[in-house]
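Heads up: the structure comes next, in structure tokens.
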Amino acid sequence: MLSRRQKHILLKFFSMFSVVRGYNILIVVIAQYLTSIYILAYDKPLKSVVFDLNLLMLVLASAATIAGGYIINNFYDSEKDRINRPNKSKLDRLVSQNTKLSFYFVLNFSAAIMASYVSFNAVIFFSAYIFGIWFYSHKLKKLPFIGNLTSAVLTILPFFAIFLYYKNFEQVIFVHAIFLFLMISMRELVKDLENMKGDLLMDYKTIPVVYGEKASKLMLTILIAMTSVPVYLLLTQFNVGHMYIFFYLSVILLLAFLLLLWKSSTKTHYLILHNILKFIIVAGVFCIVLINVDVVLNRIS
């Protein structure tokens, strides 16, 4: 049996884990390593990538910055989240705002320290990244189009840090990045549809609030059509190994998404659509291993 104090500490831990979206950060860490191993540094020995201290510092700095970003985002969105996500908001409020902000500064300082191990340019990159997240949470998030685009860019920036480190400028990497960017842009727009009630009450000028649900659905349809371009290129112009299975599955899920989209009208419907996109993005992370399994097995041996 846990004592009252132990239960209190455990609840605080889960509250902070909820605030920083620990599960999302874990996915990003896995994605950065898989991207490094299979795409950005595929020609390097596996051990030299996995045990690269510079890469580890960049990944940890990214994790700390993202965690800090979730905290500052939670700070500014606390009132809106009480409307849109009452259960999660109740858990998040178990940790005081002062504690969250203190942890926010500790995380950002830690990110700068870890980046300094790699290079001065890395410190500048993460300093700009930290500022960008704060500015987005404080100002840009409430603006239509700009808020969505900024959020999508900020989401893929941790991979840009790894990209700059390895300096791999092959075209296939940019096509993969475009696919990911479009998927994240769709997810952000669906989240706006899902959270429209709170956004409207808190005067957030999101696309659904300003232009309506129908216009938002039309934009999502256009984004799906645009996504077909990088998918087509990856399947026909580049060697993606067995990852073609993932892209065919993505096409099927996006078609199902499109059919459900135009029938959706409630928060529950939009939550289902959000989860479809989230599944595609997370599945894409783990399906990176399908690019060339044989090569990786040989690298291990």
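Each chain in the structure tokens gets a letter, A, B, ..., in the order shown, and its residues are numbered from 1; ligands are numbered from 1 in order too.
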Inset, instruction - Write out as a list in words the residues lying within 7 Å of segment 72-77 of chain A, counting only C-alpha atoms and excluding same-chain residues fewer than 2 positions away. - result: Val19, Gly68, Gly69, Tyr70, Glu79, Lys80, Asp81, Trp134, Ser137 and His138 of chain A
Inset, instruction - Name all residues at most 12 Å from Ser265 of chain A (count only C-alpha atoms; drop same-chain ones fewer than 2 positions away) and give them as a ChimeraX atom specification. - result: /A:190,193-194,196,212-214,216-217,260-263,267-273
Legend entry - Using only C-alpha atoms: which of A:Leu26, A:Ile162, A:Leu235, A:Ala225 has the shortest distance to Asp52 of chain A: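 The closest residue to Asp52 of chain A is A:Ile162.
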Inset, instruction - For segment 283-285 of chain A, list every protein, DNA or RNA residue within 9 Å, evaluated using only C-alpha atoms, and leave out those in the same chain fewer than 5 positions away; present the list as a list of chain:residue names. - result: A:Ile27, A:Val28, A:Ile30, A:Ala31, A:Gln32, A:Leu34, A:Thr35, A:Leu180, A:Met243, A:Phe246, A:Phe247, A:Ser250, A:Lys278
Keeping N, CA and C atoms for every residue in the selection just given, could you write it to a file as a compact mmCIF listing (two decimals), in the first residue's frame?
```txt
# COMPACT_ATOMS: atom_id res chain seq x y z
N ILE A 27 8.14 9.60 -28.54
CA ILE A 27 8.00 9.33 -29.97
C ILE A 27 9.00 10.16 -30.77
N VAL A 28 9.18 11.42 -30.39
CA VAL A 28 10.13 12.29 -31.09
C VAL A 28 11.56 11.77 -30.95
N ILE A 30 12.53 8.65 -30.38
CA ILE A 30 12.64 7.44 -31.22
C ILE A 30 12.74 7.83 -32.69
N ALA A 31 11.91 8.80 -33.10
CA ALA A 31 11.91 9.24 -34.50
C ALA A 31 13.26 9.84 -34.90
N GLN A 32 13.87 10.63 -34.01
CA GLN A 32 15.16 11.24 -34.33
C GLN A 32 16.25 10.19 -34.51
N LEU A 34 15.77 6.90 -35.27
CA LEU A 34 15.48 6.08 -36.45
C LEU A 34 15.78 6.85 -37.74
N THR A 35 15.47 8.14 -37.74
CA THR A 35 15.77 8.97 -38.90
C THR A 35 17.27 9.06 -39.12
N LEU A 180 5.67 14.84 -44.09
CA LEU A 180 5.46 15.01 -42.65
C LEU A 180 4.85 16.38 -42.36
N MET A 243 9.05 0.24 -46.97
CA MET A 243 8.23 1.31 -46.41
C MET A 243 7.07 1.68 -47.34
N PHE A 246 3.74 1.24 -45.78
CA PHE A 246 3.23 2.34 -44.98
C PHE A 246 2.54 3.38 -45.84
N PHE A 247 3.14 3.74 -46.98
CA PHE A 247 2.55 4.78 -47.82
C PHE A 247 1.24 4.34 -48.45
N SER A 250 -1.23 4.61 -45.74
CA SER A 250 -1.54 6.02 -45.51
C SER A 250 -2.58 6.52 -46.50
N LYS A 278 -2.95 11.08 -36.27
CA LYS A 278 -1.91 10.78 -35.28
C LYS A 278 -1.37 9.37 -35.49
```
Inset, instruction - Can you work out the spacing between atom CA of Ala61 of chain A and atom CA of Ala111 of chain A in Å, to one decimal? - result: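 Atom CA of Ala111 of chain A lies 4.2 Å from atom CA of Ala61 of chain A.
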Legend entry - From A:Ile39, A:Ile178, A:Met114, A:Val231, residue lying nearest Ile156 of chain A [only C-alpha atoms]: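 Closest to Ile156 of chain A of all the choices is A:Ile178.
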